[in-house]
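Colleague: Sharing a structure, written as C-alpha coordinates. Questions coming.
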Amino acid sequence: MRAAVEAPPAASGESASSTGFRRARPSRDLTAWVLSQATNVERHLEALRPFRWSEFGDPATGPSRAHLAAVNRTMATLRKPLYSATRAVRRAADEAVARPERAELARLLRAKSRAQRWVRTTEGVWDFYLDLFNQRQGAFAPWLVACDRVALDCYQYAYLGVGRWRSIPTPPPFCYLRTGSGPATSRRGIPLRRLGNRLNPFPLIQLPYHRLVNPWTLGAVLHEVSHNLQNDLGIARAIPLQVAARLVEAGVPREVTGIWVRWNRETFADLSALLLGGPAVVGSLFDVIGRTELETTGFTPRAVHPVPYLRAKISVELLRRMGFTRHAESYEAIWHKLYPRAKLVNAPPALLRTADKAIPVVVDAMCFTSFPSLGHRPLAKVLRFEAKEQAMIEEAAERLADGVSPGVVPERFLIGAVRFALDERMAPPKRLSGFFMEELGRRAR
(Lines give C-alpha, C1' and ligand atoms only; values in the text may rest on other atoms or scores of the structure.)
Protein backbone atom coordinates (compact mmCIF):
# COMPACT_ATOMS: atom_id res chain seq x y z
CA MET A 1 0.00 0.00 0.00
CA ARG A 2 1.34 3.43 -0.92
CA ALA A 3 1.71 5.84 2.02
CA ALA A 4 -0.34 9.03 1.92
CA VAL A 5 1.53 12.31 1.91
CA GLU A 6 1.54 13.68 5.44
CA ALA A 7 0.15 17.13 6.13
CA PRO A 8 2.60 19.76 7.41
CA PRO A 9 2.30 20.63 11.12
CA ALA A 10 -0.24 23.30 12.13
CA ALA A 11 1.02 26.82 12.45
CA SER A 12 1.54 28.20 15.99
CA GLY A 13 -1.70 29.40 17.49
CA GLU A 14 -3.95 27.37 15.17
CA SER A 15 -6.09 24.51 16.32
CA ALA A 16 -4.95 21.14 15.01
CA SER A 17 -8.52 19.92 14.99
CA SER A 18 -9.58 22.86 12.86
CA THR A 19 -6.56 23.12 10.59
CA GLY A 20 -5.33 19.53 10.45
CA PHE A 21 -8.34 18.41 8.45
CA ARG A 22 -8.09 21.36 6.08
CA ARG A 23 -4.41 20.69 5.45
CA ALA A 24 -4.37 16.87 5.42
CA ARG A 25 -7.31 16.37 3.09
CA PRO A 26 -5.80 18.27 0.14
CA SER A 27 -2.65 16.18 0.55
CA ARG A 28 -4.61 12.94 0.44
CA ASP A 29 -6.48 14.22 -2.61
CA LEU A 30 -3.22 15.12 -4.30
CA THR A 31 -1.81 11.65 -3.61
CA ALA A 32 -4.90 10.01 -5.08
CA TRP A 33 -4.81 12.23 -8.17
CA VAL A 34 -1.09 11.66 -8.73
CA LEU A 35 -1.44 7.90 -8.53
CA SER A 36 -4.51 7.90 -10.76
CA GLN A 37 -2.51 9.51 -13.58
CA ALA A 38 -0.25 6.47 -13.72
CA THR A 39 -3.24 4.14 -13.44
CA ASN A 40 -4.99 5.87 -16.34
CA VAL A 41 -2.15 5.44 -18.82
CA GLU A 42 -1.52 1.86 -17.66
CA ARG A 43 -5.13 1.03 -18.39
CA HIS A 44 -4.87 2.78 -21.77
CA LEU A 45 -1.93 0.53 -22.61
CA GLU A 46 -3.81 -2.55 -21.48
CA ALA A 47 -6.90 -1.60 -23.49
CA LEU A 48 -4.93 -1.10 -26.72
CA ARG A 49 -4.23 -4.81 -26.83
CA PRO A 50 -3.56 -7.05 -29.83
CA PHE A 51 -6.63 -8.05 -31.82
CA ARG A 52 -7.92 -11.61 -31.46
CA TRP A 53 -9.20 -13.79 -34.30
CA SER A 54 -12.24 -14.91 -32.30
CA GLU A 55 -13.73 -11.46 -31.70
CA PHE A 56 -14.89 -10.50 -35.20
CA GLY A 57 -17.79 -12.83 -35.81
CA ASP A 58 -17.91 -15.51 -38.48
CA PRO A 59 -14.35 -16.51 -39.49
CA ALA A 60 -15.58 -16.91 -43.07
CA THR A 61 -16.23 -13.17 -43.37
CA GLY A 62 -13.93 -11.74 -40.71
CA PRO A 63 -10.28 -10.75 -41.11
CA SER A 64 -7.93 -13.64 -41.71
CA ARG A 65 -5.25 -14.68 -39.25
CA ALA A 66 -2.68 -13.20 -41.63
CA HIS A 67 -4.41 -9.81 -41.59
CA LEU A 68 -4.66 -9.83 -37.80
CA ALA A 69 -1.02 -10.85 -37.38
CA ALA A 70 0.10 -8.05 -39.71
CA VAL A 71 -1.97 -5.46 -37.85
CA ASN A 72 -0.76 -6.68 -34.47
CA ARG A 73 2.86 -6.37 -35.63
CA THR A 74 2.15 -2.79 -36.67
CA MET A 75 0.48 -2.12 -33.32
CA ALA A 76 3.50 -3.56 -31.50
CA THR A 77 5.68 -0.81 -32.96
CA LEU A 78 3.37 1.69 -31.23
CA ARG A 79 2.82 -0.22 -27.99
CA LYS A 80 6.55 -0.42 -27.28
CA PRO A 81 7.09 3.36 -26.90
CA LEU A 82 3.71 3.64 -25.15
CA TYR A 83 4.87 1.00 -22.66
CA SER A 84 8.07 2.97 -22.00
CA ALA A 85 6.09 6.20 -21.59
CA THR A 86 3.67 4.47 -19.21
CA ARG A 87 6.49 3.20 -16.99
CA ALA A 88 7.93 6.71 -16.89
CA VAL A 89 4.58 8.06 -15.64
CA ARG A 90 4.46 5.44 -12.87
CA ARG A 91 8.01 6.27 -11.75
CA ALA A 92 7.25 10.01 -11.78
CA ALA A 93 4.01 9.41 -9.83
CA ASP A 94 5.82 7.41 -7.16
CA GLU A 95 8.44 10.14 -6.82
CA ALA A 96 5.75 12.83 -6.58
CA VAL A 97 3.97 10.90 -3.84
CA ALA A 98 7.18 10.52 -1.88
CA ARG A 99 8.14 14.18 -2.42
CA PRO A 100 5.21 16.34 -3.54
CA GLU A 101 7.32 19.31 -4.50
CA ARG A 102 7.03 21.52 -7.56
CA ALA A 103 9.88 19.85 -9.48
CA GLU A 104 8.51 16.32 -8.97
CA LEU A 105 4.97 17.33 -9.88
CA ALA A 106 6.20 19.10 -13.02
CA ARG A 107 8.15 15.96 -13.97
CA LEU A 108 4.96 13.92 -13.58
CA LEU A 109 2.99 16.29 -15.79
CA ARG A 110 5.62 16.15 -18.52
CA ALA A 111 5.69 12.35 -18.41
CA LYS A 112 1.89 12.26 -18.50
CA SER A 113 1.78 14.53 -21.58
CA ARG A 114 4.27 12.32 -23.43
CA ALA A 115 2.28 9.23 -22.57
CA GLN A 116 -0.99 10.81 -23.68
CA ARG A 117 0.50 11.73 -27.04
CA TRP A 118 1.44 8.08 -27.54
CA VAL A 119 -2.01 7.02 -26.38
CA ARG A 120 -3.67 9.24 -28.99
CA THR A 121 -1.36 8.00 -31.76
CA THR A 122 -1.78 4.34 -30.81
CA GLU A 123 -5.51 4.63 -30.29
CA GLY A 124 -5.95 6.30 -33.70
CA VAL A 125 -4.34 3.33 -35.45
CA TRP A 126 -6.16 0.81 -33.24
CA ASP A 127 -9.51 2.50 -33.92
CA PHE A 128 -8.85 2.53 -37.68
CA TYR A 129 -8.40 -1.23 -37.80
CA LEU A 130 -11.18 -1.85 -35.29
CA ASP A 131 -13.58 -0.03 -37.61
CA LEU A 132 -12.38 -2.03 -40.65
CA PHE A 133 -12.69 -5.36 -38.88
CA ASN A 134 -16.05 -4.54 -37.29
CA GLN A 135 -17.50 -4.01 -40.77
CA ARG A 136 -17.17 -7.79 -41.14
CA GLN A 137 -19.74 -8.43 -38.40
CA GLY A 138 -22.72 -6.64 -39.93
CA ALA A 139 -24.94 -6.71 -42.97
CA PHE A 140 -22.13 -5.59 -45.32
CA ALA A 141 -19.84 -8.49 -44.45
CA PRO A 142 -20.97 -10.74 -47.37
CA TRP A 143 -20.49 -7.89 -49.84
CA LEU A 144 -17.00 -7.08 -48.60
CA VAL A 145 -15.85 -10.68 -48.53
CA ALA A 146 -17.14 -11.04 -52.09
CA CYS A 147 -14.81 -8.21 -53.14
CA ASP A 148 -11.98 -9.82 -51.15
CA ARG A 149 -12.46 -12.97 -53.19
CA VAL A 150 -12.27 -11.05 -56.47
CA ALA A 151 -9.11 -9.24 -55.35
CA LEU A 152 -7.47 -12.47 -54.22
CA ASP A 153 -8.29 -14.15 -57.54
CA CYS A 154 -6.59 -11.29 -59.40
CA TYR A 155 -3.43 -11.79 -57.37
CA GLN A 156 -3.46 -15.55 -57.81
CA TYR A 157 -3.86 -15.26 -61.57
CA ALA A 158 -1.15 -12.61 -61.90
CA TYR A 159 1.42 -14.58 -59.92
CA LEU A 160 0.68 -17.75 -61.85
CA GLY A 161 1.16 -15.85 -65.10
CA VAL A 162 4.61 -14.37 -64.49
CA GLY A 163 7.46 -16.13 -66.25
CA ARG A 164 9.58 -16.79 -63.17
CA TRP A 165 9.02 -17.59 -59.52
CA ARG A 166 8.23 -14.66 -57.27
CA SER A 167 7.68 -14.69 -53.54
CA ILE A 168 3.94 -14.52 -52.86
CA PRO A 169 2.99 -11.33 -50.96
CA THR A 170 0.86 -11.73 -47.86
CA PRO A 171 -1.67 -10.79 -46.59
CA PRO A 172 -3.90 -10.33 -49.65
CA PRO A 173 -5.96 -7.16 -50.25
CA PHE A 174 -8.64 -6.25 -47.72
CA CYS A 175 -11.79 -4.41 -48.83
CA TYR A 176 -13.77 -1.99 -46.72
CA LEU A 177 -16.75 0.31 -47.03
CA ARG A 178 -16.45 4.08 -46.96
CA THR A 179 -19.32 6.33 -47.91
CA GLY A 180 -19.04 9.80 -49.37
CA SER A 181 -16.03 9.10 -51.58
CA GLY A 182 -15.03 7.03 -54.58
CA PRO A 183 -13.00 3.83 -54.83
CA ALA A 184 -9.39 4.12 -53.68
CA THR A 185 -6.52 1.98 -52.51
CA SER A 186 -3.64 2.17 -50.07
CA ARG A 187 -0.75 0.10 -51.33
CA ARG A 188 1.31 -2.35 -49.33
CA GLY A 189 4.48 -0.98 -47.78
CA ILE A 190 3.81 2.75 -48.12
CA PRO A 191 3.56 5.08 -45.08
CA LEU A 192 0.04 6.18 -44.23
CA ARG A 193 -0.82 9.26 -42.21
CA ARG A 194 -3.71 7.46 -40.52
CA LEU A 195 -1.20 4.85 -39.32
CA GLY A 196 1.08 7.48 -37.84
CA ASN A 197 3.19 7.33 -41.03
CA ARG A 198 3.92 3.67 -40.45
CA LEU A 199 4.04 1.27 -43.37
CA ASN A 200 0.74 -0.15 -44.53
CA PRO A 201 1.00 -3.93 -43.94
CA PHE A 202 -1.40 -5.05 -46.71
CA PRO A 203 -3.37 -3.51 -49.60
CA LEU A 204 -6.54 -1.74 -48.55
CA ILE A 205 -9.32 -1.27 -51.10
CA GLN A 206 -11.90 1.37 -50.28
CA LEU A 207 -15.30 0.93 -51.90
CA PRO A 208 -18.32 3.24 -51.74
CA TYR A 209 -21.76 1.92 -50.93
CA HIS A 210 -23.15 2.67 -54.38
CA ARG A 211 -20.61 0.32 -55.98
CA LEU A 212 -21.44 -2.55 -53.64
CA VAL A 213 -25.15 -2.12 -54.31
CA ASN A 214 -24.48 -2.41 -58.07
CA PRO A 215 -21.95 -5.24 -58.50
CA TRP A 216 -21.78 -4.72 -62.29
CA THR A 217 -19.87 -1.49 -61.47
CA LEU A 218 -17.22 -3.36 -59.47
CA GLY A 219 -14.68 -3.13 -62.24
CA ALA A 220 -13.35 -0.67 -59.63
CA VAL A 221 -12.04 -3.62 -57.63
CA LEU A 222 -9.96 -4.80 -60.58
CA HIS A 223 -8.69 -1.23 -61.11
CA GLU A 224 -7.66 -0.78 -57.46
CA VAL A 225 -6.08 -4.23 -57.29
CA SER A 226 -4.06 -3.33 -60.38
CA HIS A 227 -2.50 -0.38 -58.56
CA ASN A 228 -1.21 -2.86 -56.00
CA LEU A 229 -0.05 -5.34 -58.63
CA GLN A 230 2.00 -2.64 -60.34
CA ASN A 231 3.93 -2.29 -57.08
CA ASP A 232 4.04 -5.90 -55.91
CA LEU A 233 5.09 -7.20 -59.35
CA GLY A 234 7.99 -4.76 -59.40
CA ILE A 235 7.03 -2.71 -62.48
CA ALA A 236 6.09 0.57 -60.79
CA ARG A 237 9.33 2.21 -61.97
CA ALA A 238 9.78 0.37 -65.22
CA ILE A 239 6.37 1.34 -66.63
CA PRO A 240 6.82 5.15 -66.64
CA LEU A 241 10.36 4.81 -67.96
CA GLN A 242 9.16 2.63 -70.81
CA VAL A 243 6.28 4.98 -71.61
CA ALA A 244 8.59 8.00 -71.69
CA ALA A 245 11.17 6.32 -73.91
CA ARG A 246 8.61 5.04 -76.38
CA LEU A 247 6.74 8.34 -76.68
CA VAL A 248 9.93 10.32 -77.26
CA GLU A 249 10.98 7.76 -79.86
CA ALA A 250 7.60 8.22 -81.57
CA GLY A 251 8.15 11.96 -81.82
CA VAL A 252 5.59 13.03 -79.22
CA PRO A 253 6.51 16.48 -77.78
CA ARG A 254 8.26 16.31 -74.42
CA GLU A 255 5.58 18.44 -72.78
CA VAL A 256 2.94 15.89 -73.81
CA THR A 257 5.20 12.96 -72.92
CA GLY A 258 5.48 14.36 -69.40
CA ILE A 259 1.69 14.37 -69.10
CA TRP A 260 1.39 10.75 -70.20
CA VAL A 261 4.13 9.74 -67.76
CA ARG A 262 2.29 11.49 -64.93
CA TRP A 263 -0.83 9.54 -65.89
CA ASN A 264 1.01 6.19 -65.90
CA ARG A 265 -0.40 4.68 -62.70
CA GLU A 266 -4.05 5.33 -63.48
CA THR A 267 -3.60 4.31 -67.11
CA PHE A 268 -1.91 1.09 -66.05
CA ALA A 269 -4.74 0.33 -63.60
CA ASP A 270 -7.36 0.78 -66.35
CA LEU A 271 -5.47 -1.46 -68.79
CA SER A 272 -4.63 -4.13 -66.21
CA ALA A 273 -8.26 -4.21 -65.05
CA LEU A 274 -9.37 -4.77 -68.65
CA LEU A 275 -6.92 -7.66 -69.03
CA LEU A 276 -8.17 -9.16 -65.76
CA GLY A 277 -11.88 -8.80 -66.40
CA GLY A 278 -12.49 -8.49 -70.12
CA PRO A 279 -14.66 -6.13 -72.21
CA ALA A 280 -17.31 -5.59 -69.53
CA VAL A 281 -14.75 -3.63 -67.51
CA VAL A 282 -14.92 -0.89 -70.16
CA GLY A 283 -18.63 -0.57 -69.46
CA SER A 284 -17.84 -0.21 -65.77
CA LEU A 285 -15.29 2.49 -66.65
CA PHE A 286 -17.86 4.34 -68.77
CA ASP A 287 -20.14 4.40 -65.71
CA VAL A 288 -17.48 6.50 -63.99
CA ILE A 289 -16.19 8.78 -66.75
CA GLY A 290 -19.40 9.31 -68.72
CA ARG A 291 -20.36 12.69 -67.27
CA THR A 292 -21.14 16.17 -68.57
CA GLU A 293 -19.09 17.28 -71.55
CA LEU A 294 -17.11 19.75 -69.46
CA GLU A 295 -16.29 17.14 -66.82
CA THR A 296 -15.28 14.53 -69.37
CA THR A 297 -13.20 16.75 -71.64
CA GLY A 298 -11.67 19.03 -69.02
CA PHE A 299 -7.91 18.92 -68.51
CA THR A 300 -6.49 19.54 -65.02
CA PRO A 301 -2.78 20.28 -64.69
CA ARG A 302 -0.95 17.86 -62.37
CA ALA A 303 -3.95 15.48 -62.27
CA VAL A 304 -2.95 11.80 -62.01
CA HIS A 305 -5.93 10.54 -64.03
CA PRO A 306 -6.02 10.92 -67.80
CA VAL A 307 -8.63 13.27 -69.18
CA PRO A 308 -11.76 11.06 -69.17
CA TYR A 309 -12.30 11.66 -72.88
CA LEU A 310 -8.90 10.08 -73.62
CA ARG A 311 -9.27 7.47 -70.89
CA ALA A 312 -12.06 5.81 -72.84
CA LYS A 313 -9.99 5.78 -76.02
CA ILE A 314 -7.11 4.07 -74.23
CA SER A 315 -9.31 1.16 -73.18
CA VAL A 316 -10.87 0.89 -76.64
CA GLU A 317 -7.38 0.66 -78.14
CA LEU A 318 -6.48 -2.22 -75.81
CA LEU A 319 -9.71 -4.01 -76.68
CA ARG A 320 -8.64 -3.94 -80.34
CA ARG A 321 -5.19 -5.23 -79.48
CA MET A 322 -6.76 -8.06 -77.47
CA GLY A 323 -8.76 -9.12 -80.54
CA PHE A 324 -12.19 -7.88 -79.39
CA THR A 325 -12.83 -5.74 -82.46
CA ARG A 326 -16.62 -5.87 -82.23
CA HIS A 327 -16.60 -4.76 -78.59
CA ALA A 328 -14.11 -2.01 -79.38
CA GLU A 329 -16.26 -0.66 -82.21
CA SER A 330 -19.37 -0.79 -80.05
CA TYR A 331 -17.81 1.14 -77.17
CA GLU A 332 -16.22 3.58 -79.58
CA ALA A 333 -19.63 4.26 -81.16
CA ILE A 334 -21.18 4.83 -77.72
CA TRP A 335 -18.42 7.27 -76.81
CA HIS A 336 -18.75 9.17 -80.08
CA LYS A 337 -22.49 9.42 -79.59
CA LEU A 338 -21.99 10.86 -76.10
CA TYR A 339 -19.20 13.24 -77.15
CA PRO A 340 -19.46 13.88 -80.91
CA ARG A 341 -16.93 16.74 -80.92
CA ALA A 342 -13.35 15.75 -80.26
CA LYS A 343 -11.96 18.39 -77.94
CA LEU A 344 -10.10 18.89 -74.67
CA VAL A 345 -10.80 21.90 -72.46
CA ASN A 346 -7.81 23.83 -71.07
CA ALA A 347 -5.34 21.25 -72.39
CA PRO A 348 -2.16 21.93 -74.33
CA PRO A 349 -3.22 21.75 -78.01
CA ALA A 350 -0.54 19.15 -78.73
CA LEU A 351 -2.16 16.70 -76.29
CA LEU A 352 -5.24 16.10 -78.45
CA ARG A 353 -3.34 16.59 -81.70
CA THR A 354 -0.92 13.76 -80.88
CA ALA A 355 -3.41 11.51 -79.03
CA ASP A 356 -3.98 9.16 -81.97
CA LYS A 357 -0.24 8.58 -82.09
CA ALA A 358 0.40 8.48 -78.35
CA ILE A 359 -2.40 6.15 -77.25
CA PRO A 360 -1.26 3.06 -79.24
CA VAL A 361 2.31 3.70 -78.07
CA VAL A 362 1.24 3.87 -74.40
CA VAL A 363 -0.87 0.71 -74.69
CA ASP A 364 1.99 -1.13 -76.40
CA ALA A 365 4.53 0.07 -73.82
CA MET A 366 2.43 -1.05 -70.87
CA CYS A 367 0.79 -4.22 -72.13
CA PHE A 368 2.86 -5.67 -74.97
CA THR A 369 6.42 -4.96 -73.83
CA SER A 370 8.34 -7.59 -71.86
CA PHE A 371 9.63 -6.69 -68.40
CA PRO A 372 12.34 -8.60 -66.46
CA SER A 373 10.30 -8.58 -63.25
CA LEU A 374 7.48 -10.38 -65.11
CA GLY A 375 9.87 -13.11 -66.17
CA HIS A 376 10.51 -11.34 -69.49
CA ARG A 377 6.84 -11.50 -70.38
CA PRO A 378 4.48 -8.69 -71.37
CA LEU A 379 1.53 -7.88 -69.13
CA ALA A 380 -0.92 -9.08 -71.80
CA LYS A 381 0.63 -12.55 -71.56
CA VAL A 382 0.76 -12.57 -67.75
CA LEU A 383 -2.91 -11.52 -67.59
CA ARG A 384 -4.06 -13.35 -70.71
CA PHE A 385 -7.66 -12.71 -71.73
CA GLU A 386 -8.92 -14.17 -75.02
CA ALA A 387 -12.16 -15.20 -76.68
CA LYS A 388 -12.49 -18.36 -74.59
CA GLU A 389 -12.38 -16.30 -71.37
CA GLN A 390 -15.19 -14.10 -72.70
CA ALA A 391 -17.17 -17.23 -73.54
CA MET A 392 -16.77 -18.35 -69.92
CA ILE A 393 -18.13 -15.00 -68.75
CA GLU A 394 -21.17 -15.17 -71.01
CA GLU A 395 -21.97 -18.73 -69.94
CA ALA A 396 -21.60 -17.70 -66.28
CA ALA A 397 -24.01 -14.81 -66.95
CA GLU A 398 -26.71 -17.22 -68.08
CA ARG A 399 -26.24 -19.35 -64.98
CA LEU A 400 -26.31 -16.35 -62.64
CA ALA A 401 -29.53 -15.22 -64.28
CA ASP A 402 -31.01 -18.68 -63.68
CA GLY A 403 -29.92 -18.60 -60.04
CA VAL A 404 -27.60 -21.58 -60.28
CA SER A 405 -23.90 -21.86 -59.58
CA PRO A 406 -21.78 -20.50 -62.44
CA GLY A 407 -19.34 -23.36 -61.94
CA VAL A 408 -15.57 -23.07 -61.81
CA VAL A 409 -15.40 -19.65 -63.44
CA PRO A 410 -12.77 -17.45 -61.73
CA GLU A 411 -14.12 -14.94 -59.24
CA ARG A 412 -12.89 -11.94 -61.22
CA PHE A 413 -15.02 -13.05 -64.19
CA LEU A 414 -18.22 -12.80 -62.15
CA ILE A 415 -18.11 -9.00 -62.45
CA GLY A 416 -18.22 -9.29 -66.23
CA ALA A 417 -20.85 -12.03 -65.96
CA VAL A 418 -23.24 -9.98 -63.85
CA ARG A 419 -22.72 -6.97 -66.15
CA PHE A 420 -23.36 -9.05 -69.27
CA ALA A 421 -26.53 -10.46 -67.69
CA LEU A 422 -27.70 -6.96 -66.80
CA ASP A 423 -26.98 -5.54 -70.27
CA GLU A 424 -28.76 -8.46 -71.93
CA ARG A 425 -31.67 -8.17 -69.47
CA MET A 426 -31.42 -11.79 -68.51
CA ALA A 427 -32.87 -11.14 -65.05
CA PRO A 428 -33.93 -8.20 -62.84
CA PRO A 429 -31.06 -6.23 -61.28
CA LYS A 430 -32.00 -7.19 -57.70
CA ARG A 431 -31.98 -10.87 -58.57
CA LEU A 432 -28.62 -10.63 -60.31
CA SER A 433 -27.05 -8.72 -57.44
CA GLY A 434 -28.31 -11.26 -54.92
CA PHE A 435 -26.97 -14.27 -56.85
CA PHE A 436 -23.61 -12.52 -57.40
CA MET A 437 -23.08 -11.91 -53.67
CA GLU A 438 -24.44 -15.32 -52.76
CA GLU A 439 -22.01 -17.13 -55.06
CA LEU A 440 -18.94 -15.24 -53.90
CA GLY A 441 -20.01 -15.53 -50.26
CA ARG A 442 -20.40 -19.29 -50.69
CA ARG A 443 -16.86 -19.58 -52.10
CA ALA A 444 -15.44 -17.81 -49.04
CA ARG A 445 -16.72 -20.49 -46.66
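Letters A, B, ... mark the chains of the C-alpha coordinates in the order given; residue numbers begin at 1 per chain; ligand numbers begin at 1, in order shown.
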Which residues, written as number ranges by chain, have at least one atom at most 8 Å from Tyr331 (chain A), with only C-alpha atoms counted and residues fewer than 3 positions away on the same chain left out?

Modeller: A: 282-283, 316, 327-328, 334-335

Colleague: Could you pull the residues within 12 Å of Tyr129 (chain A), counting only C-alpha atoms, minus those fewer than 3 positions along the same chain, as a ChimeraX atom specification?

Modeller: /A:48,50-51,56,63,67-68,70-72,74-75,122-126,132-136,174-176,194-195,200-202,204

Colleague: Find the residue from A:Ala88, A:Val162, A:Leu400, A:Leu432 that sits nearest to Leu229 (chain A); use only C-alpha atoms when measuring.

Modeller: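 Smallest separation from Leu229 (chain A) among the options: A:Val162.
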
Colleague: Using only C-alpha atoms, which of A:Pro173, A:Pro59, A:Gly258, A:Pro215 sits nearest Val243 (chain A)?

Modeller: A:Gly258

Colleague: Quick one: residues within 12 Å of Met322 (chain A), only C-alpha atoms counted, chain neighbours fewer than 5 positions away excluded, as a list of chain:residue names?

Modeller: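 That gives A:Leu271, A:Leu274, A:Leu275, A:Leu276, A:Gly278, A:Pro279, A:Ser315, A:Val316, A:Glu317, A:His327, A:Ala328, A:Val363, A:Asp364, A:Cys367, A:Phe368, A:Leu379, A:Ala380, A:Lys381, A:Leu383, A:Arg384, A:Phe385, A:Glu386, A:Ala387, A:Glu389, A:Gln390.
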
Colleague: Closest to Trp216 (chain A) among A:Thr300, A:Thr185, A:Asn197, A:Ser433, using only C-alpha atoms?

Modeller: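 Checking each of A:Thr300, A:Thr185, A:Asn197, A:Ser433 against Trp216 (chain A), counting only C-alpha atoms, the winner is A:Ser433.
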
Colleague: Between A:Leu30, A:Leu212, A:Val119, A:Ala303, which residue has the minimum interatomic distance to Ala93 (chain A), considering only C-alpha atoms?

Modeller: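 Once distances to Ala93 (chain A) are computed over only C-alpha atoms, the minimum belongs to A:Leu30.
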
Colleague: May I have the residues within 12 Å of Ala358 (chain A) as a PyMOL selection string, using only C-alpha atoms and disregarding those fewer than 4 positions away in the same chain?

Modeller: chain A and resi 243-254+256-261+310+313-314+317+350-354+362-365

Colleague: Residues within 8 Å of Leu440 (chain A), please, as number ranges by chain. Count only C-alpha atoms; anything in the same chain fewer than 6 positions from it doesn't count.

Modeller: A: 145-146, 149, 411
